[in-house]
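Source file: data38.txt; contents: compact mmCIF, C-alpha atoms and all ligand atoms.
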```
# COMPACT_ATOMS: atom_id res chain seq x y z
CA MET G 564 170.39 -11.76 106.23
CA PRO G 565 171.31 -12.66 102.64
CA ARG G 566 171.30 -9.83 100.18
CA LYS G 567 168.65 -10.18 97.50
CA LEU G 568 169.62 -9.72 93.88
CA ILE G 569 168.38 -10.32 90.36
CA LEU G 570 170.95 -11.26 87.71
CA ASP G 571 170.18 -10.07 84.19
CA VAL G 572 172.23 -12.41 82.02
CA ASP G 573 173.14 -13.48 78.49
CA THR G 574 174.30 -16.95 79.47
CA GLY G 575 177.13 -17.87 77.96
CA THR G 576 179.94 -19.55 79.80
CA ASP G 577 180.93 -16.63 82.00
CA ASP G 578 177.41 -15.74 83.07
CA ALA G 579 176.83 -19.40 83.87
CA VAL G 580 179.56 -19.09 86.47
CA ALA G 581 178.00 -15.90 87.80
CA LEU G 582 174.64 -17.67 88.15
CA MET G 583 176.19 -20.55 90.06
CA LEU G 584 178.15 -18.23 92.27
CA ALA G 585 175.13 -16.12 93.15
CA ALA G 586 172.82 -19.10 93.63
CA LEU G 587 175.24 -20.88 95.96
CA HIS G 588 176.68 -18.00 97.91
CA PRO G 589 175.42 -17.95 101.50
CA ASP G 590 175.43 -14.14 101.66
CA LEU G 591 173.24 -13.79 98.60
CA GLU G 592 169.66 -14.69 97.72
CA LEU G 593 169.27 -14.95 93.98
CA VAL G 594 165.63 -13.96 93.50
CA ALA G 595 165.56 -14.68 89.77
CA ALA G 596 167.52 -14.63 86.55
CA THR G 597 166.30 -12.59 83.60
CA THR G 598 167.74 -13.39 80.21
CA VAL G 599 168.61 -11.04 77.40
CA ASN G 600 169.90 -11.17 73.86
CA GLY G 601 173.68 -10.96 74.02
CA ASN G 602 176.53 -13.43 73.89
CA VAL G 603 174.04 -15.88 72.41
CA PRO G 604 170.41 -15.42 71.24
CA VAL G 605 167.96 -14.99 74.10
CA ASP G 606 166.37 -18.43 73.76
CA TYR G 607 169.84 -19.94 74.16
CA CYS G 608 170.41 -17.71 77.20
CA THR G 609 167.19 -18.97 78.76
CA GLU G 610 167.92 -22.64 78.11
CA ASN G 611 171.49 -22.23 79.35
CA SER G 612 170.33 -20.53 82.55
CA LEU G 613 167.79 -23.28 83.20
CA ARG G 614 170.49 -25.88 82.58
CA VAL G 615 172.76 -24.23 85.11
CA PHE G 616 170.17 -24.20 87.90
CA ASP G 617 169.08 -27.75 87.16
CA HIS G 618 172.71 -28.86 87.14
CA ILE G 619 173.42 -27.49 90.60
CA GLY G 620 170.00 -28.39 91.97
CA ILE G 621 168.99 -24.87 92.98
CA PRO G 622 165.53 -23.85 91.73
CA VAL G 623 165.78 -20.22 90.64
CA PRO G 624 163.05 -18.85 88.35
CA VAL G 625 164.18 -17.79 84.89
CA TYR G 626 162.34 -15.07 82.97
CA GLU G 627 163.07 -14.63 79.29
CA GLY G 628 163.70 -11.10 78.08
CA VAL G 629 164.03 -9.18 74.88
CA ALA G 630 165.47 -10.69 71.71
CA LYS G 631 167.11 -7.61 70.24
CA PRO G 632 168.49 -4.18 71.13
CA ILE G 633 165.95 -1.51 72.08
CA GLU G 634 166.34 0.58 68.93
CA ARG G 635 168.41 -1.43 66.48
CA ASP G 636 167.23 -4.44 64.55
CA ASP G 637 170.48 -6.20 65.38
CA PHE G 638 173.85 -5.56 66.92
CA PRO G 639 176.07 -2.91 65.33
CA ILE G 640 177.13 -5.75 63.02
CA PRO G 641 174.70 -8.59 62.19
CA ARG G 642 174.55 -11.32 64.79
CA GLY G 643 175.40 -13.96 62.22
CA ASP G 644 178.80 -12.41 61.76
CA ILE G 645 179.31 -12.30 65.49
CA GLN G 646 178.53 -15.95 65.92
CA SER G 647 180.76 -17.06 63.12
CA SER G 648 183.69 -15.22 64.63
CA ASN G 649 182.92 -15.91 68.27
CA ALA G 650 183.81 -19.34 69.51
CA VAL G 651 184.00 -18.22 73.12
CA HIS G 652 180.44 -18.96 74.19
CA GLY G 653 179.21 -21.30 71.50
CA GLY G 654 175.52 -22.19 71.65
CA TYR G 655 174.27 -24.42 74.41
CA LEU G 656 176.36 -25.05 77.49
CA ASP G 657 178.00 -28.44 77.76
CA ILE G 658 175.82 -29.70 80.60
CA PRO G 659 172.59 -31.74 80.37
CA PRO G 660 169.49 -30.14 78.80
CA SER G 661 167.13 -28.41 81.20
CA ARG G 662 164.35 -30.23 83.00
CA SER G 663 162.75 -27.08 84.37
CA THR G 664 161.00 -24.48 82.23
CA LYS G 665 161.06 -20.72 81.95
CA GLN G 666 158.41 -18.60 83.65
CA ALA G 667 155.37 -17.52 81.69
CA THR G 668 155.95 -13.86 82.48
CA GLY G 669 158.48 -11.99 80.39
CA ALA G 670 161.57 -10.46 81.97
CA VAL G 671 160.49 -6.84 81.50
CA ASP G 672 157.09 -7.39 83.11
CA PHE G 673 158.74 -9.40 85.87
CA LEU G 674 161.15 -6.60 86.68
CA ILE G 675 158.39 -4.01 86.78
CA GLU G 676 156.05 -6.14 88.88
CA THR G 677 158.81 -7.24 91.24
CA TYR G 678 160.06 -3.75 92.03
CA ARG G 679 156.52 -2.39 92.39
CA ALA G 680 155.81 -5.05 95.00
CA ALA G 681 159.20 -5.24 96.71
CA THR G 682 159.28 -4.71 100.47
CA GLU G 683 163.02 -5.35 100.76
CA PRO G 684 165.92 -4.04 98.68
CA ILE G 685 166.71 -6.12 95.61
CA VAL G 686 169.90 -5.22 93.77
CA LEU G 687 169.68 -5.48 90.00
CA VAL G 688 172.86 -6.83 88.39
CA PRO G 689 172.96 -6.72 84.59
CA VAL G 690 175.95 -8.64 83.22
CA GLY G 691 174.79 -8.61 79.60
CA PRO G 692 173.45 -5.93 77.23
CA MET G 693 171.08 -3.65 79.14
CA SER G 694 168.10 -4.09 76.81
CA ASN G 695 165.77 -5.58 79.44
CA VAL G 696 166.56 -3.00 82.08
CA ALA G 697 166.23 -0.09 79.67
CA THR G 698 162.93 -1.39 78.33
CA ALA G 699 161.57 -1.70 81.85
CA LEU G 700 162.76 1.78 82.83
CA LEU G 701 161.13 3.27 79.73
CA ALA G 702 157.88 1.38 80.28
CA GLU G 703 157.57 2.29 83.95
CA PRO G 704 159.12 5.68 84.78
CA LYS G 705 158.60 5.07 88.50
CA LEU G 706 161.05 2.22 88.32
CA LYS G 707 163.99 4.58 88.76
CA ASP G 708 162.75 5.29 92.27
CA LEU G 709 161.84 1.68 93.03
CA ILE G 710 165.16 0.04 92.14
CA PRO G 711 167.54 0.65 95.05
CA GLU G 712 170.73 -0.15 93.22
CA ILE G 713 172.06 -1.35 89.87
CA VAL G 714 175.50 -2.95 89.57
CA ILE G 715 176.49 -3.10 85.92
CA MET G 716 179.22 -5.14 84.30
CA GLY G 717 179.87 -3.06 81.24
CA GLY G 718 182.04 -0.49 79.54
CA ALA G 719 185.79 -0.17 79.32
CA ASN G 720 188.39 2.43 80.05
CA ARG G 721 191.70 1.25 78.63
CA TYR G 722 190.64 -1.20 75.95
CA GLY G 723 187.57 -3.04 74.79
CA ASN G 724 186.83 -6.63 73.87
CA VAL G 725 184.85 -6.05 70.66
CA THR G 726 186.62 -3.06 69.18
CA PRO G 727 189.76 -1.42 70.55
CA ARG G 728 187.52 0.85 72.64
CA ALA G 729 184.18 -0.92 73.06
CA GLU G 730 183.16 -3.49 75.66
CA PHE G 731 180.59 -6.02 74.45
CA ASN G 732 177.65 -5.30 76.78
CA VAL G 733 177.61 -1.60 75.93
CA TRP G 734 178.55 -2.14 72.29
CA ALA G 735 175.68 -4.63 71.81
CA ASP G 736 173.00 -2.13 72.84
CA PRO G 737 174.47 1.33 73.39
CA GLU G 738 171.07 3.04 73.41
CA ALA G 739 169.98 0.78 76.26
CA ALA G 740 173.16 1.52 78.17
CA ARG G 741 172.48 5.23 77.80
CA VAL G 742 168.96 4.83 79.18
CA VAL G 743 170.14 2.85 82.19
CA ILE G 744 173.16 4.96 83.05
CA ASN G 745 171.13 8.18 82.73
CA SER G 746 168.12 6.74 84.54
CA ARG G 747 168.77 8.44 87.88
CA VAL G 748 168.34 5.22 89.78
CA ARG G 749 169.62 6.27 93.17
CA LYS G 750 172.77 4.16 93.08
CA ILE G 751 174.50 2.83 89.99
CA THR G 752 177.85 1.09 90.12
CA LEU G 753 179.56 0.58 86.79
CA VAL G 754 182.15 -2.20 86.81
CA PRO G 755 184.09 -1.91 83.55
CA LEU G 756 186.02 -4.54 81.70
CA ASP G 757 189.22 -3.25 83.30
CA ALA G 758 188.05 -4.52 86.69
CA THR G 759 187.25 -7.99 85.45
CA HIS G 760 190.71 -8.17 83.94
CA GLN G 761 192.07 -8.12 87.46
CA ALA G 762 190.23 -11.35 88.29
CA LEU G 763 192.47 -13.76 86.44
CA VAL G 764 191.80 -17.47 86.40
CA SER G 765 194.30 -20.11 85.33
CA LEU G 766 194.11 -23.72 84.25
CA ASP G 767 195.45 -24.59 87.71
CA ASP G 768 192.37 -22.88 89.17
CA CYS G 769 190.21 -24.98 86.87
CA ALA G 770 191.90 -28.12 88.15
CA ALA G 771 191.25 -27.01 91.72
CA LEU G 772 187.61 -26.38 90.90
CA ARG G 773 187.21 -29.79 89.32
CA ALA G 774 188.90 -31.41 92.31
CA LEU G 775 186.09 -30.13 94.52
CA GLY G 776 183.98 -32.88 93.04
CA THR G 777 180.77 -30.88 92.94
CA PRO G 778 178.49 -30.24 89.93
CA ALA G 779 179.19 -26.51 90.14
CA GLY G 780 182.93 -26.98 90.51
CA ASP G 781 183.07 -29.31 87.56
CA ALA G 782 180.91 -27.06 85.40
CA ALA G 783 182.85 -23.94 86.34
CA ALA G 784 186.08 -25.71 85.40
CA THR G 785 184.66 -26.84 82.07
CA PHE G 786 183.29 -23.41 81.18
CA THR G 787 186.46 -21.63 82.20
CA GLU G 788 188.68 -24.04 80.30
CA THR G 789 186.59 -23.20 77.24
CA LEU G 790 187.40 -19.54 77.72
CA LEU G 791 191.07 -20.31 78.21
CA SER G 792 191.27 -22.31 75.01
CA PRO G 793 193.05 -20.45 72.25
CA SER G 794 190.69 -18.95 69.70
CA PRO G 795 190.95 -16.13 67.20
CA SER G 796 188.71 -13.90 69.30
CA GLN G 797 191.04 -14.29 72.27
CA SER G 798 194.24 -13.68 70.40
CA GLN G 799 194.95 -10.53 72.38
CA PHE G 800 195.80 -12.65 75.40
CA SER G 801 199.02 -14.62 75.55
CA PRO G 802 198.92 -18.29 76.58
CA GLN G 803 201.08 -17.45 79.56
CA CYS G 804 198.67 -14.86 80.83
CA PRO G 805 195.43 -16.41 82.01
CA ASN G 806 192.56 -14.95 80.09
CA PRO G 807 190.39 -12.59 81.98
CA ILE G 808 186.78 -13.53 82.26
CA SER G 809 183.96 -11.65 83.83
CA PRO G 810 181.79 -13.96 85.89
CA CYS G 811 180.35 -11.04 87.77
CA PRO G 812 181.08 -7.51 88.86
CA LEU G 813 183.81 -7.18 91.43
CA SER G 814 183.98 -4.27 93.81
CA LYS G 815 187.34 -2.71 94.55
CA GLU G 816 187.42 -4.00 98.08
CA HIS G 817 186.72 -7.53 96.94
CA ARG G 818 189.01 -7.66 93.99
CA SER G 819 192.02 -8.07 96.21
CA ARG G 820 190.44 -11.01 97.93
CA VAL G 821 189.18 -12.77 94.85
CA ALA G 822 191.79 -11.82 92.29
CA ARG G 823 193.19 -15.29 91.78
CA PRO G 824 190.46 -17.79 92.55
CA ALA G 825 187.52 -15.72 91.42
CA LEU G 826 185.57 -18.83 90.61
CA ALA G 827 186.51 -20.89 93.63
CA TYR G 828 183.48 -19.62 95.48
CA VAL G 829 181.18 -21.32 93.07
CA SER G 830 181.21 -24.66 94.75
CA SER G 831 183.14 -24.03 97.91
CA CYS G 832 180.55 -21.50 99.08
CA ALA G 833 183.37 -19.58 100.71
CA ALA G 834 182.42 -16.58 102.75
CA ASN G 835 184.04 -14.13 100.36
CA SER G 836 181.68 -12.30 98.08
CA CYS G 837 182.12 -11.75 94.37
CA VAL G 838 178.79 -10.16 93.57
CA SER G 839 179.61 -7.89 96.43
CA ALA G 840 177.50 -7.70 99.52
CA ALA G 841 178.35 -4.02 99.58
CA PRO G 842 179.36 -2.92 96.11
CA LYS G 843 181.27 0.32 95.99
CA SER G 844 182.34 2.47 93.16
CA LEU G 845 185.59 1.54 91.48
CA THR G 846 186.73 5.10 91.42
CA CA F 1 177.37 -11.57 80.09
```
Hey, can you dump this file as structure tokens for me?
Amino acid sequence: MPRKLILDVDTGTDDAVALMLAALHPDLELVAATTVNGNVPVDYCTENSLRVFDHIGIPVPVYEGVAKPIERDDFPIPRGDIQSSNAVHGGYLDIPPSRSTKQATGAVDFLIETYRAATEPIVLVPVGPMSNVATALLAEPKLKDLIPEIVIMGGANRYGNVTPRAEFNVWADPEAARVVINSRVRKITLVPLDATHQALVSLDDCAALRALGTPAGDAAATFTETLLSPSPSQSQFSPQCPNPISPCPLSKEHRSRVARPALAYVSSCAANSCVSAAPKSLT
């Protein structure tokens, strides 16, 4: 039986790949996507997520979340400065505008209502700032007992991607990250930036994706090529070393299987799992 999950995303090129992967993977049932302020403003995240699902022809409901961190008025530095220096994700994804529309319910209310009513386990997978999840946990204290598992892409051990020590998702809303990590949800798996750096993707992989001839393969190639393009914000990576991207959390046991073609699942629907069917701690 497919494993149910909700992806909490700030779509962006990399999260677009995660959405396609989760929506198309036969071992997973993507219940919904919730969007959050992050790589791009939340309304961009929502439109981009809708575009992705329309593009691959998989109807997944999209719930728009919060537009700013839970305590701060903006990121640690004003968003405007981030955008001007961040050419990685741009604004809208380079696929046709959405035909579908976002749900009327907001992401926080959706999360609370969904976990109150759930009769089967639904894993919550935040791959952006944790503002939505923290807001929901603060608004409904029982949620910590209702969510069976959270798999977080966030944090860094050896080096960050915003400052030398800070990873973007935690840096963007550190108070939210603190709420979620200290929430006492029964199982929390933190997949830091270090793990995603072991899922390298090359331009050859992009060519292989495009050769699949599917909407998802073509889009994944386009988005990944954007990330591989030289830009000031990626200057820490050499051209000879494929840039690491983080389409989704990878468990230790799956990293070895997906290390090179992490995105190949997107349109091939291979049996391997990237958003793991049985995530385990990276320790
Ligand atoms: Ca993200």
For this session: Identify which of the residues G:Asp606, G:Glu627, G:Glu730, G:Glu703 lies closest to ligand CA 1 (chain F), counting all atoms listed in the file when measuring atom-to-atom distances.
Result: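 Closest to ligand CA 1 (chain F) of all the choices is G:Glu730.
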For chain G against ligand CA 1 (chain F), with a cut-off of 10 Å and counting only C-alpha atoms and all ligand atoms, what is the closest atom pair and its distance in Å to one decimal for every residue that makes the cut, ordered by chain and number, as a Markdown table?
```
| residue | atom | partner | partner_atom | distance |
| --- | --- | --- | --- | --- |
| G:Leu570 | CA | F:CA1 | CA | 10.0 |
| G:Asp571 | CA | F:CA1 | CA | 8.4 |
| G:Val572 | CA | F:CA1 | CA | 5.6 |
| G:Asp573 | CA | F:CA1 | CA | 4.9 |
| G:Thr574 | CA | F:CA1 | CA | 6.2 |
| G:Gly575 | CA | F:CA1 | CA | 6.7 |
| G:Thr576 | CA | F:CA1 | CA | 8.4 |
| G:Asp577 | CA | F:CA1 | CA | 6.5 |
| G:Asp578 | CA | F:CA1 | CA | 5.1 |
| G:Ala579 | CA | F:CA1 | CA | 8.7 |
| G:Ala581 | CA | F:CA1 | CA | 8.9 |
| G:Thr598 | CA | F:CA1 | CA | 9.8 |
| G:Val599 | CA | F:CA1 | CA | 9.2 |
| G:Asn600 | CA | F:CA1 | CA | 9.7 |
| G:Gly601 | CA | F:CA1 | CA | 7.1 |
| G:Asn602 | CA | F:CA1 | CA | 6.5 |
| G:Val603 | CA | F:CA1 | CA | 9.4 |
| G:Cys608 | CA | F:CA1 | CA | 9.7 |
| G:His652 | CA | F:CA1 | CA | 9.9 |
| G:Pro689 | CA | F:CA1 | CA | 8.0 |
| G:Val690 | CA | F:CA1 | CA | 4.5 |
| G:Gly691 | CA | F:CA1 | CA | 4.0 |
| G:Pro692 | CA | F:CA1 | CA | 7.4 |
| G:Met716 | CA | F:CA1 | CA | 7.9 |
| G:Gly717 | CA | F:CA1 | CA | 8.9 |
| G:Phe731 | CA | F:CA1 | CA | 8.5 |
| G:Asn732 | CA | F:CA1 | CA | 7.1 |
| G:Ile808 | CA | F:CA1 | CA | 9.9 |
| G:Ser809 | CA | F:CA1 | CA | 7.6 |
| G:Pro810 | CA | F:CA1 | CA | 7.7 |
| G:Cys811 | CA | F:CA1 | CA | 8.3 |
```
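Separating CA of Thr664 (chain G) from CA of Val625 (chain G) is a distance of 7.9 Å.
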Exercise. What is the CA of Ile715 (chain G)-CA of Val615 (chain G) distance in Å, reported with one decimal?
Worked result: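 So the answer is 21.5 Å.
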Exercise. Can you tell me, as a PyMOL selection string, what residues are no more than 12 Å from Val733 (chain G) when counting all atoms listed in the file, ignoring any on the same chain fewer than 2 positions away?
Worked result: chain G and resi 601+632+638-639+689-694+715-719+723-726+728-731+735-744+753-756
Exercise. Quick one: residues within 10 Å of Leu700 (chain G), all atoms listed in the file counted, chain neighbours fewer than 5 positions away excluded, as a list in words?
Worked result: Val671, Leu674, Ile675, Ser694, Asn695, Lys705, Leu706, Lys707, Ile710, Ala739, Val742, Val743, Ser746 and Val748 of chain G
Exercise. So what do you get for CA of Val605 (chain G) versus CA of Phe786 (chain G), distance-wise?
Worked result: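 Interatomic distance, CA of Val605 (chain G) to CA of Phe786 (chain G): 18.9 Å.
If all atoms listed in the file are the atoms counted, then among G:Ile569, G:Ile640, G:Leu587, G:Ile658 the closest residue to Asp617 (chain G) is G:Ile658.
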For this session: Please return, as a list in words, all polymer residues that have at least one atom within 12 Å of the point (168.2, -32.1, 79.6); use all atoms listed in the file and the file's own coordinate frame.
Result: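 Every residue inside that radius is included here: Glu610, Asn611, Leu613, Arg614, Val615, Phe616, Asp617, His618, Tyr655, Leu656, Asp657, Ile658, Pro659, Pro660, Ser661, Arg662, Ser663 and Thr664 of chain G.
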Residues just named, written with C-alpha atoms as a PDB file, in the frame of the given file:
```
ATOM      1  CA  GLU G 610     167.920 -22.640  78.110  1.00  0.00           C
ATOM      2  CA  ASN G 611     171.490 -22.230  79.350  1.00  0.00           C
ATOM      3  CA  LEU G 613     167.790 -23.280  83.200  1.00  0.00           C
ATOM      4  CA  ARG G 614     170.490 -25.880  82.580  1.00  0.00           C
ATOM      5  CA  VAL G 615     172.760 -24.230  85.110  1.00  0.00           C
ATOM      6  CA  PHE G 616     170.170 -24.200  87.900  1.00  0.00           C
ATOM      7  CA  ASP G 617     169.080 -27.750  87.160  1.00  0.00           C
ATOM      8  CA  HIS G 618     172.710 -28.860  87.140  1.00  0.00           C
ATOM      9  CA  TYR G 655     174.270 -24.420  74.410  1.00  0.00           C
ATOM     10  CA  LEU G 656     176.360 -25.050  77.490  1.00  0.00           C
ATOM     11  CA  ASP G 657     178.000 -28.440  77.760  1.00  0.00           C
ATOM     12  CA  ILE G 658     175.820 -29.700  80.600  1.00  0.00           C
ATOM     13  CA  PRO G 659     172.590 -31.740  80.370  1.00  0.00           C
ATOM     14  CA  PRO G 660     169.490 -30.140  78.800  1.00  0.00           C
ATOM     15  CA  SER G 661     167.130 -28.410  81.200  1.00  0.00           C
ATOM     16  CA  ARG G 662     164.350 -30.230  83.000  1.00  0.00           C
ATOM     17  CA  SER G 663     162.750 -27.080  84.370  1.00  0.00           C
ATOM     18  CA  THR G 664     161.000 -24.480  82.230  1.00  0.00           C
TER      19      THR G 664
END
```
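Nearest-residue note for Asn720 (chain G): choosing from G:Ala681, G:His760, G:Leu687, G:Ala697, the minimum distance belongs to G:His760, counting only C-alpha atoms.
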Problem set entry | Top pick for closest residue to Leu593 (chain G), considering G:Ile633, G:Ile685, G:Leu701, G:Ala680 and counting all atoms listed in the file |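 Under the stated criterion, the closest residue is G:Ile685.
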Exercise. Pick the closest to Thr787 (chain G) from G:Ala770, G:Ala595, G:Ala670, G:Ile751: which is it, counting all atoms listed in the file?
Worked result: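 Going through G:Ala770, G:Ala595, G:Ala670, G:Ile751 one by one, the smallest distance to Thr787 (chain G) is for G:Ala770.
The nearest approach to Glu712 (chain G) among the residues G:Asp590, G:Tyr678, G:Arg749, G:Trp734, with only C-alpha atoms taken into account, belongs to G:Arg749.
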Problem set entry | For Pro778 (chain G): contacts at 10 Å, all atoms listed in the file, fewer than 4 positions along chain excluded, given as a PyMOL selection string | chain G and resi 583+615+618-620+658+772-773+782-784+829-830
